Amino acid sequence: MKESSISRRTFLKSSALVGAAGMVGTGSVLTSCDGGGGAAKITPLKAPGTYYVPDLSMNKANDGRELKAGIIGCGGRGSGAARNFLDAGSGVTITALGDAFPDSIERCANMLKERYNIDIPEEKRFTGLDNYKQVIDSDVDIVLIASPPFFRPEQFQYAVEKGKHCFLEKPLFVDAVGYRSAIASSRQADAKNLCVVTGTQRHHQRSYVASYKQIMDGAIGEITGGAVYWNGTVPWTRLPQPGMSDGEGMIRNWVNMIWASGDHIVEQHCHNLDVWTWFTGMKMVSALGFGSRQRRPSGDSFDNFSVDFVMENGIHVHSMCRQLDGCAGGVYEFFQGTKGSWSTQQGHVIKDLAGNEIWKYDLEAEREEFEQTDPYTLEHVNWINHIRSGVHINQAPEMAVANMAAVMGRQSCYTGAFITWDEMTTSDLDLRPKDLSLTGQMDLSVYKVPVPGITPEEAAARRAERAAAQGGQRPQQ
């Protein structure tokens, strides 16, 4: 093995902010192992200059006009996004907070005060389901939207209508109605030259960007198939407390509710699906999968999904995600090409067809070169730079492709049906609760774990039959 002659200090140093159709320099941090025989001749998948990657040459955003941000959704991810934004550069601040619940706002406000000496006055702390309108209307320049996924399309729409630059956590939507809303808002953002960055931080992770450039340069040849994985443990659960309304109980436990989160294939595994659609530049045209509920203690979500996706050019990718304790884990991607393969299972590694390692991302070199290596912060660095430079960026359409693939896969697993892109994107699938309220009771009988192969009406009839057979007692889930 010999070290590449490419200087570590050349990594993305030739990058420059450009338009969405532009691109950046050719440097990369790598270890090259060619066995002394020299590199085989390769044909690029995409020529330099025809694709976009962000400028990752900086630790902080360029100085510029002050930016006042509002946070919509002050839970763990919203508070995390607030920290990432404030760490991304100088001249940025947070002036308004919004969340359905005051305790979430209080925790976020306390963090801002203790860590950044930012004091959010009571009149700039907004609660309730319409908190986003008050945040957006409170004289902010930009918004960070990190509410439960179901609420993001309408919040994105309102922010764009009001002319605000947006950071949107992933996923952008949980159903077909949300997809069409997000696409419409994205187009309006383009028309208004608003900068939109999504929470797909792998697009701002130097190892992924370097890998992407290697594959676009033809390092593994034409992509012929692969697999993407997110296998982890059971997520947190927040069971309803005495005096809590039905709506509050579900929203506080949103990660386990299909309507609020989209289930973990949408809420979490969309990251890996996004890597696939990003690197291939294609969308999934069909999905056929299966999944099940095993041990999740609350909500109506599945514990595991396995989906076979077919791409526009006919190649297949296997998608696997699981949230079960005590099982094999792993969050990574694998791409097979005509000349080799790329995997992130043990670092970012490219191998030839004989299994020899020919390229590996040098993480230590990145740590030596850069103070800021956190992709969650770097995505905000890029966002701020685009806003201050007036150079348009909009990641929502690209994120929507992977997001919709996850919705397709989920619906196939729930129903047992073969699902196509055209069917799903034009469907009337709308997960909005008809009686959503933070006060009073709701009809919770509709929130049942999906059963593949039968309709919701058939499932309800079977539950009623079981209840009658048990003397009218509610059957166990």
# chains A, B, ... in the order shown; residues from 1 in each chain; ligands from 1
$ select_by_dssp --residues "region 140-388 of chain A" --states "strand (DSSP E)" --output "MDAnalysis selection string"
chainID A and resid 142:145 165:168 196:198 223:232 284:292 304:311 316:323 330:337 340:343 349:352 357:361
$ residues_around --residues "region 405-409 of chain A" --least-positions-apart "6" --cutoff "9 Å" --atoms "only C-alpha atoms" --output "ChimeraX atom specification"
/A:173-176,262,265-267,269-270,273-274,283-290,305-309,319,419-421,424-425
$ closest_atom_pairs --of "region 356-424 of chain A" --to "region 146-163 of chain A" --cutoff "12 Å" --atoms "only C-alpha atoms" --output "JSON lines"
{"residue": "A:Ala396", "atom": "CA", "partner": "A:Phe156", "partner_atom": "CA", "distance": 10.3}
{"residue": "A:Ala400", "atom": "CA", "partner": "A:Pro153", "partner_atom": "CA", "distance": 11.2}
{"residue": "A:Asn403", "atom": "CA", "partner": "A:Pro149", "partner_atom": "CA", "distance": 11.1}
$ residues_around --residues "Trp342 (chain A)" --least-positions-apart "5" --cutoff "9 Å" --atoms "only C-alpha atoms" --output "PyMOL selection string"
chain A and resi 211+215+219-220+333-337+348-351
$ write_last_selection --atoms "N, CA and C atoms" --output "short mmCIF file (atom, residue, chain, number, x, y, z; two decimals), in the first residue's frame"
data_model
loop_
_atom_site.label_atom_id
_atom_site.label_comp_id
_atom_site.auth_asym_id
_atom_site.auth_seq_id
_atom_site.Cartn_x
_atom_site.Cartn_y
_atom_site.Cartn_z
N SER A 211 -16.54 9.78 -1.44
CA SER A 211 -16.96 8.51 -2.04
C SER A 211 -17.80 8.76 -3.29
N ILE A 215 -17.02 7.46 -7.12
CA ILE A 215 -17.94 6.64 -7.91
C ILE A 215 -18.34 7.36 -9.19
N ALA A 219 -14.95 4.72 -10.37
CA ALA A 219 -14.12 3.81 -9.60
C ALA A 219 -14.69 2.40 -9.48
N ILE A 220 -16.02 2.26 -9.48
CA ILE A 220 -16.61 0.91 -9.41
C ILE A 220 -17.33 0.56 -10.71
N GLU A 333 -24.34 1.30 3.72
CA GLU A 333 -24.76 1.10 2.33
C GLU A 333 -23.73 0.24 1.60
N PHE A 334 -24.20 -0.49 0.61
CA PHE A 334 -23.32 -1.30 -0.24
C PHE A 334 -23.74 -1.13 -1.69
N PHE A 335 -22.79 -0.80 -2.55
CA PHE A 335 -23.04 -0.63 -3.98
C PHE A 335 -22.16 -1.63 -4.75
N GLN A 336 -22.75 -2.35 -5.67
CA GLN A 336 -21.99 -3.22 -6.56
C GLN A 336 -21.92 -2.60 -7.94
N GLY A 337 -20.74 -2.59 -8.52
CA GLY A 337 -20.55 -2.07 -9.85
C GLY A 337 -19.90 -3.08 -10.77
N HIS A 348 -15.37 3.98 4.61
CA HIS A 348 -15.76 4.14 3.21
C HIS A 348 -14.68 3.50 2.35
N VAL A 349 -15.02 2.33 1.79
CA VAL A 349 -14.02 1.49 1.13
C VAL A 349 -14.49 1.09 -0.26
N ILE A 350 -13.58 1.16 -1.23
CA ILE A 350 -13.82 0.66 -2.58
C ILE A 350 -12.90 -0.53 -2.82
N LYS A 351 -13.49 -1.61 -3.34
CA LYS A 351 -12.72 -2.81 -3.67
C LYS A 351 -12.91 -3.16 -5.13
#
$ closest_atom_pairs --of "region 109-189 of chain A" --to "region 84-88 of chain A" --cutoff "10 Å" --atoms "only C-alpha atoms" --output "tab-separated table"
residue	atom	partner	partner_atom	distance
A:Leu112	CA	A:Leu86	CA	9.6
A:Tyr116	CA	A:Leu86	CA	8.2
A:Leu144	CA	A:Phe85	CA	8.9
A:Phe167	CA	A:Phe85	CA	9.7
$ select_by_dssp --residues "region 273-458 of chain A" --states "helix (DSSP H, G or I)" --output "ChimeraX atom specification"
/A:273-280,363-369,375-389,396-415,421-425,444-446,456-458
$ atom_distance --atom1 "CA of Val391 (chain A)" --atom2 "CA of Glu369 (chain A)"
26.6 Å
$ closest_residue --among "A:Pro397, A:Ala184, A:Val209, A:Gly299" --to "Leu239 (chain A)" --atoms "only C-alpha atoms"
A:Gly299
$ atom_distance --atom1 "CA of Asp325 (chain A)" --atom2 "CA of Phe302 (chain A)"
13.8 Å
$ closest_residue --among "A:Leu97, A:Ile358, A:Ile387, A:Val451" --to "Leu194 (chain A)" --atoms "only C-alpha atoms"
A:Ile387
$ closest_residue --among "A:Gln188, A:Thr415, A:Ser343, A:Asn253" --to "Tyr208 (chain A)" --atoms "only C-alpha atoms"
A:Ser343
$ atom_distance --atom1 "CA of Thr93 (chain A)" --atom2 "CA of Lys68 (chain A)"
5.2 Å
$ closest_residue --among "A:His271, A:Arg322, A:His203, A:Lys192" --to "Leu172 (chain A)" --atoms "only C-alpha atoms"
A:His271
$ residues_around --residues "Thr439 (chain A)" --least-positions-apart "3" --cutoff "10 Å" --atoms "only C-alpha atoms" --output "PyMOL selection string"
chain A and resi 244-248+436+442
$ write_last_selection --atoms "N, CA and C atoms" --output "PDB file, in the first residue's frame"
ATOM      1  N   MET A 244     -53.651  13.525  30.386  1.00  0.00           N
ATOM      2  CA  MET A 244     -53.153  13.865  29.054  1.00  0.00           C
ATOM      3  C   MET A 244     -54.216  13.544  28.011  1.00  0.00           C
ATOM      4  N   SER A 245     -54.460  14.457  27.102  1.00  0.00           N
ATOM      5  CA  SER A 245     -55.426  14.210  26.038  1.00  0.00           C
ATOM      6  C   SER A 245     -54.894  13.164  25.069  1.00  0.00           C
ATOM      7  N   ASP A 246     -55.801  12.598  24.264  1.00  0.00           N
ATOM      8  CA  ASP A 246     -55.388  11.603  23.276  1.00  0.00           C
ATOM      9  C   ASP A 246     -54.394  12.187  22.280  1.00  0.00           C
ATOM     10  N   GLY A 247     -54.677  13.400  21.803  1.00  0.00           N
ATOM     11  CA  GLY A 247     -53.786  14.032  20.834  1.00  0.00           C
ATOM     12  C   GLY A 247     -52.412  14.294  21.402  1.00  0.00           C
ATOM     13  N   GLU A 248     -52.368  14.804  22.626  1.00  0.00           N
ATOM     14  CA  GLU A 248     -51.072  15.056  23.262  1.00  0.00           C
ATOM     15  C   GLU A 248     -50.306  13.756  23.455  1.00  0.00           C
ATOM     16  N   LEU A 436     -57.830  15.512  15.065  1.00  0.00           N
ATOM     17  CA  LEU A 436     -56.642  15.851  15.843  1.00  0.00           C
ATOM     18  C   LEU A 436     -56.881  17.091  16.691  1.00  0.00           C
ATOM     19  N   MET A 442     -60.162  11.484  21.198  1.00  0.00           N
ATOM     20  CA  MET A 442     -60.126  11.170  19.773  1.00  0.00           C
ATOM     21  C   MET A 442     -60.519   9.705  19.602  1.00  0.00           C
TER      22      MET A 442
END
$ closest_residue --among "A:Ala469, A:Leu67, A:Leu378, A:Ala328" --to "Val197 (chain A)" --atoms "only C-alpha atoms"
A:Leu378
$ decode --residues "region 202-354 of chain A" --atoms "C-alpha atoms" --output "PDB file, in the first residue's frame"
ATOM      1  CA  ARG A 202     -24.608  12.677   4.532  1.00  0.00           C
ATOM      2  CA  HIS A 203     -24.623  15.187   1.663  1.00  0.00           C
ATOM      3  CA  HIS A 204     -22.371  17.309   3.890  1.00  0.00           C
ATOM      4  CA  GLN A 205     -20.267  14.486   5.321  1.00  0.00           C
ATOM      5  CA  ARG A 206     -16.821  14.609   3.749  1.00  0.00           C
ATOM      6  CA  SER A 207     -16.450  10.829   3.598  1.00  0.00           C
ATOM      7  CA  TYR A 208     -19.688  10.467   1.624  1.00  0.00           C
ATOM      8  CA  VAL A 209     -18.851  13.385  -0.659  1.00  0.00           C
ATOM      9  CA  ALA A 210     -15.391  11.938  -1.382  1.00  0.00           C
ATOM     10  CA  SER A 211     -16.957   8.510  -2.043  1.00  0.00           C
ATOM     11  CA  TYR A 212     -19.546  10.061  -4.331  1.00  0.00           C
ATOM     12  CA  LYS A 213     -16.847  11.741  -6.391  1.00  0.00           C
ATOM     13  CA  GLN A 214     -14.874   8.500  -6.641  1.00  0.00           C
ATOM     14  CA  ILE A 215     -17.940   6.640  -7.913  1.00  0.00           C
ATOM     15  CA  MET A 216     -18.843   9.424 -10.333  1.00  0.00           C
ATOM     16  CA  ASP A 217     -15.239   9.187 -11.595  1.00  0.00           C
ATOM     17  CA  GLY A 218     -15.965   5.542 -12.434  1.00  0.00           C
ATOM     18  CA  ALA A 219     -14.117   3.805  -9.600  1.00  0.00           C
ATOM     19  CA  ILE A 220     -16.605   0.913  -9.411  1.00  0.00           C
ATOM     20  CA  GLY A 221     -17.879   1.157 -12.978  1.00  0.00           C
ATOM     21  CA  GLU A 222     -21.576   1.146 -13.776  1.00  0.00           C
ATOM     22  CA  ILE A 223     -23.736   0.554 -10.689  1.00  0.00           C
ATOM     23  CA  THR A 224     -25.525  -2.795 -11.041  1.00  0.00           C
ATOM     24  CA  GLY A 225     -27.166  -3.278  -7.641  1.00  0.00           C
ATOM     25  CA  GLY A 226     -26.724  -3.073  -3.917  1.00  0.00           C
ATOM     26  CA  ALA A 227     -28.299  -2.905  -0.490  1.00  0.00           C
ATOM     27  CA  VAL A 228     -28.970  -0.277   2.187  1.00  0.00           C
ATOM     28  CA  TYR A 229     -29.395  -0.946   5.894  1.00  0.00           C
ATOM     29  CA  TRP A 230     -30.581   0.687   9.099  1.00  0.00           C
ATOM     30  CA  ASN A 231     -30.812  -1.956  11.809  1.00  0.00           C
ATOM     31  CA  GLY A 232     -30.975  -0.656  15.356  1.00  0.00           C
ATOM     32  CA  THR A 233     -32.784  -0.946  18.663  1.00  0.00           C
ATOM     33  CA  VAL A 234     -36.315  -0.187  19.847  1.00  0.00           C
ATOM     34  CA  PRO A 235     -36.786   3.609  20.032  1.00  0.00           C
ATOM     35  CA  TRP A 236     -37.896   5.596  23.037  1.00  0.00           C
ATOM     36  CA  THR A 237     -41.503   5.298  24.185  1.00  0.00           C
ATOM     37  CA  ARG A 238     -43.596   7.899  25.988  1.00  0.00           C
ATOM     38  CA  LEU A 239     -46.785   6.376  27.312  1.00  0.00           C
ATOM     39  CA  PRO A 240     -49.817   8.607  28.018  1.00  0.00           C
ATOM     40  CA  GLN A 241     -49.900  10.132  31.495  1.00  0.00           C
ATOM     41  CA  PRO A 242     -52.964  10.840  33.671  1.00  0.00           C
ATOM     42  CA  GLY A 243     -54.806  13.923  32.485  1.00  0.00           C
ATOM     43  CA  MET A 244     -53.153  13.865  29.054  1.00  0.00           C
ATOM     44  CA  SER A 245     -55.426  14.210  26.038  1.00  0.00           C
ATOM     45  CA  ASP A 246     -55.388  11.603  23.276  1.00  0.00           C
ATOM     46  CA  GLY A 247     -53.786  14.032  20.834  1.00  0.00           C
ATOM     47  CA  GLU A 248     -51.072  15.056  23.262  1.00  0.00           C
ATOM     48  CA  GLY A 249     -50.348  11.427  24.071  1.00  0.00           C
ATOM     49  CA  MET A 250     -49.823  10.534  20.429  1.00  0.00           C
ATOM     50  CA  ILE A 251     -47.753  13.609  19.566  1.00  0.00           C
ATOM     51  CA  ARG A 252     -45.458  13.105  22.561  1.00  0.00           C
ATOM     52  CA  ASN A 253     -45.037   9.492  21.427  1.00  0.00           C
ATOM     53  CA  TRP A 254     -44.836  10.493  17.761  1.00  0.00           C
ATOM     54  CA  VAL A 255     -41.892   8.250  16.851  1.00  0.00           C
ATOM     55  CA  ASN A 256     -44.103   5.170  17.396  1.00  0.00           C
ATOM     56  CA  MET A 257     -47.182   6.499  15.555  1.00  0.00           C
ATOM     57  CA  ILE A 258     -47.482   5.893  11.816  1.00  0.00           C
ATOM     58  CA  TRP A 259     -49.382   9.091  11.070  1.00  0.00           C
ATOM     59  CA  ALA A 260     -46.876  11.286  12.936  1.00  0.00           C
ATOM     60  CA  SER A 261     -43.542   9.676  12.017  1.00  0.00           C
ATOM     61  CA  GLY A 262     -44.277   7.730   8.832  1.00  0.00           C
ATOM     62  CA  ASP A 263     -42.803   4.681  10.638  1.00  0.00           C
ATOM     63  CA  HIS A 264     -39.066   4.152  10.943  1.00  0.00           C
ATOM     64  CA  ILE A 265     -38.547   3.192   7.298  1.00  0.00           C
ATOM     65  CA  VAL A 266     -39.610   6.763   6.467  1.00  0.00           C
ATOM     66  CA  GLU A 267     -38.378   8.631   9.519  1.00  0.00           C
ATOM     67  CA  GLN A 268     -34.967   6.967   9.830  1.00  0.00           C
ATOM     68  CA  HIS A 269     -34.113   4.630   6.961  1.00  0.00           C
ATOM     69  CA  CYS A 270     -34.761   7.398   4.408  1.00  0.00           C
ATOM     70  CA  HIS A 271     -31.127   8.437   5.072  1.00  0.00           C
ATOM     71  CA  ASN A 272     -29.820   5.249   3.467  1.00  0.00           C
ATOM     72  CA  LEU A 273     -32.362   5.324   0.658  1.00  0.00           C
ATOM     73  CA  ASP A 274     -31.276   8.908   0.021  1.00  0.00           C
ATOM     74  CA  VAL A 275     -27.668   7.768  -0.434  1.00  0.00           C
ATOM     75  CA  TRP A 276     -28.860   5.306  -3.067  1.00  0.00           C
ATOM     76  CA  THR A 277     -30.962   7.810  -5.022  1.00  0.00           C
ATOM     77  CA  TRP A 278     -28.224  10.455  -4.692  1.00  0.00           C
ATOM     78  CA  PHE A 279     -25.425   8.240  -6.010  1.00  0.00           C
ATOM     79  CA  THR A 280     -27.472   6.628  -8.803  1.00  0.00           C
ATOM     80  CA  GLY A 281     -29.341   9.790  -9.762  1.00  0.00           C
ATOM     81  CA  MET A 282     -32.504   7.740 -10.241  1.00  0.00           C
ATOM     82  CA  LYS A 283     -35.788   7.124  -8.491  1.00  0.00           C
ATOM     83  CA  MET A 284     -37.389   3.841  -7.484  1.00  0.00           C
ATOM     84  CA  VAL A 285     -40.200   2.870  -9.861  1.00  0.00           C
ATOM     85  CA  SER A 286     -41.594  -0.028  -7.812  1.00  0.00           C
ATOM     86  CA  ALA A 287     -41.445  -1.654  -4.402  1.00  0.00           C
ATOM     87  CA  LEU A 288     -42.352  -5.089  -3.068  1.00  0.00           C
ATOM     88  CA  GLY A 289     -41.722  -5.847   0.565  1.00  0.00           C
ATOM     89  CA  PHE A 290     -42.737  -7.406   3.833  1.00  0.00           C
ATOM     90  CA  GLY A 291     -42.463  -6.467   7.481  1.00  0.00           C
ATOM     91  CA  SER A 292     -43.921  -7.190  10.884  1.00  0.00           C
ATOM     92  CA  ARG A 293     -44.595  -6.072  14.417  1.00  0.00           C
ATOM     93  CA  GLN A 294     -42.812  -8.115  17.085  1.00  0.00           C
ATOM     94  CA  ARG A 295     -42.068  -6.345  20.363  1.00  0.00           C
ATOM     95  CA  ARG A 296     -42.676  -2.591  20.095  1.00  0.00           C
ATOM     96  CA  PRO A 297     -44.346  -1.528  23.360  1.00  0.00           C
ATOM     97  CA  SER A 298     -46.528   1.285  22.024  1.00  0.00           C
ATOM     98  CA  GLY A 299     -48.015   2.849  18.914  1.00  0.00           C
ATOM     99  CA  ASP A 300     -48.989   1.141  15.660  1.00  0.00           C
ATOM    100  CA  SER A 301     -45.654   0.999  13.799  1.00  0.00           C
ATOM    101  CA  PHE A 302     -43.818  -2.057  12.482  1.00  0.00           C
ATOM    102  CA  ASP A 303     -40.564  -3.337  13.962  1.00  0.00           C
ATOM    103  CA  ASN A 304     -38.955  -4.409  10.674  1.00  0.00           C
ATOM    104  CA  PHE A 305     -39.131  -3.873   6.923  1.00  0.00           C
ATOM    105  CA  SER A 306     -37.522  -5.660   3.983  1.00  0.00           C
ATOM    106  CA  VAL A 307     -38.111  -4.186   0.525  1.00  0.00           C
ATOM    107  CA  ASP A 308     -36.979  -4.988  -3.001  1.00  0.00           C
ATOM    108  CA  PHE A 309     -36.854  -1.743  -4.988  1.00  0.00           C
ATOM    109  CA  VAL A 310     -36.517  -1.564  -8.763  1.00  0.00           C
ATOM    110  CA  MET A 311     -34.841   1.503 -10.263  1.00  0.00           C
ATOM    111  CA  GLU A 312     -35.638   3.328 -13.491  1.00  0.00           C
ATOM    112  CA  ASN A 313     -33.009   1.356 -15.394  1.00  0.00           C
ATOM    113  CA  GLY A 314     -34.198  -2.014 -14.036  1.00  0.00           C
ATOM    114  CA  ILE A 315     -31.508  -2.674 -11.416  1.00  0.00           C
ATOM    115  CA  HIS A 316     -32.541  -3.767  -7.927  1.00  0.00           C
ATOM    116  CA  VAL A 317     -31.593  -2.523  -4.472  1.00  0.00           C
ATOM    117  CA  HIS A 318     -32.487  -4.310  -1.252  1.00  0.00           C
ATOM    118  CA  SER A 319     -33.650  -2.127   1.624  1.00  0.00           C
ATOM    119  CA  MET A 320     -33.565  -3.499   5.187  1.00  0.00           C
ATOM    120  CA  CYS A 321     -34.408  -1.739   8.434  1.00  0.00           C
ATOM    121  CA  ARG A 322     -35.188  -3.053  11.876  1.00  0.00           C
ATOM    122  CA  GLN A 323     -35.751  -1.690  15.382  1.00  0.00           C
ATOM    123  CA  LEU A 324     -35.401  -4.691  17.679  1.00  0.00           C
ATOM    124  CA  ASP A 325     -33.217  -5.121  20.750  1.00  0.00           C
ATOM    125  CA  GLY A 326     -30.902  -8.119  20.867  1.00  0.00           C
ATOM    126  CA  CYS A 327     -30.523  -8.436  17.086  1.00  0.00           C
ATOM    127  CA  ALA A 328     -27.620  -7.810  14.720  1.00  0.00           C
ATOM    128  CA  GLY A 329     -27.327  -4.109  13.965  1.00  0.00           C
ATOM    129  CA  GLY A 330     -25.706  -1.930  11.356  1.00  0.00           C
ATOM    130  CA  VAL A 331     -26.304   1.300   9.465  1.00  0.00           C
ATOM    131  CA  TYR A 332     -24.534   1.304   6.119  1.00  0.00           C
ATOM    132  CA  GLU A 333     -24.759   1.101   2.335  1.00  0.00           C
ATOM    133  CA  PHE A 334     -23.319  -1.303  -0.239  1.00  0.00           C
ATOM    134  CA  PHE A 335     -23.036  -0.627  -3.985  1.00  0.00           C
ATOM    135  CA  GLN A 336     -21.987  -3.224  -6.559  1.00  0.00           C
ATOM    136  CA  GLY A 337     -20.552  -2.068  -9.854  1.00  0.00           C
ATOM    137  CA  THR A 338     -19.175  -3.636 -13.009  1.00  0.00           C
ATOM    138  CA  LYS A 339     -15.583  -2.950 -11.885  1.00  0.00           C
ATOM    139  CA  GLY A 340     -15.853  -3.160  -8.100  1.00  0.00           C
ATOM    140  CA  SER A 341     -17.867  -2.303  -5.023  1.00  0.00           C
ATOM    141  CA  TRP A 342     -18.234   0.436  -2.398  1.00  0.00           C
ATOM    142  CA  SER A 343     -19.336  -0.082   1.195  1.00  0.00           C
ATOM    143  CA  THR A 344     -19.642   2.037   4.340  1.00  0.00           C
ATOM    144  CA  GLN A 345     -19.888  -0.917   6.721  1.00  0.00           C
ATOM    145  CA  GLN A 346     -16.280  -0.536   7.886  1.00  0.00           C
ATOM    146  CA  GLY A 347     -15.352   2.927   6.778  1.00  0.00           C
ATOM    147  CA  HIS A 348     -15.763   4.141   3.210  1.00  0.00           C
ATOM    148  CA  VAL A 349     -14.015   1.491   1.132  1.00  0.00           C
ATOM    149  CA  ILE A 350     -13.824   0.662  -2.577  1.00  0.00           C
ATOM    150  CA  LYS A 351     -12.721  -2.809  -3.666  1.00  0.00           C
ATOM    151  CA  ASP A 352     -12.062  -4.310  -7.063  1.00  0.00           C
ATOM    152  CA  LEU A 353     -13.846  -7.423  -8.312  1.00  0.00           C
ATOM    153  CA  ALA A 354     -11.236  -9.642  -6.671  1.00  0.00           C
TER     154      ALA A 354
END
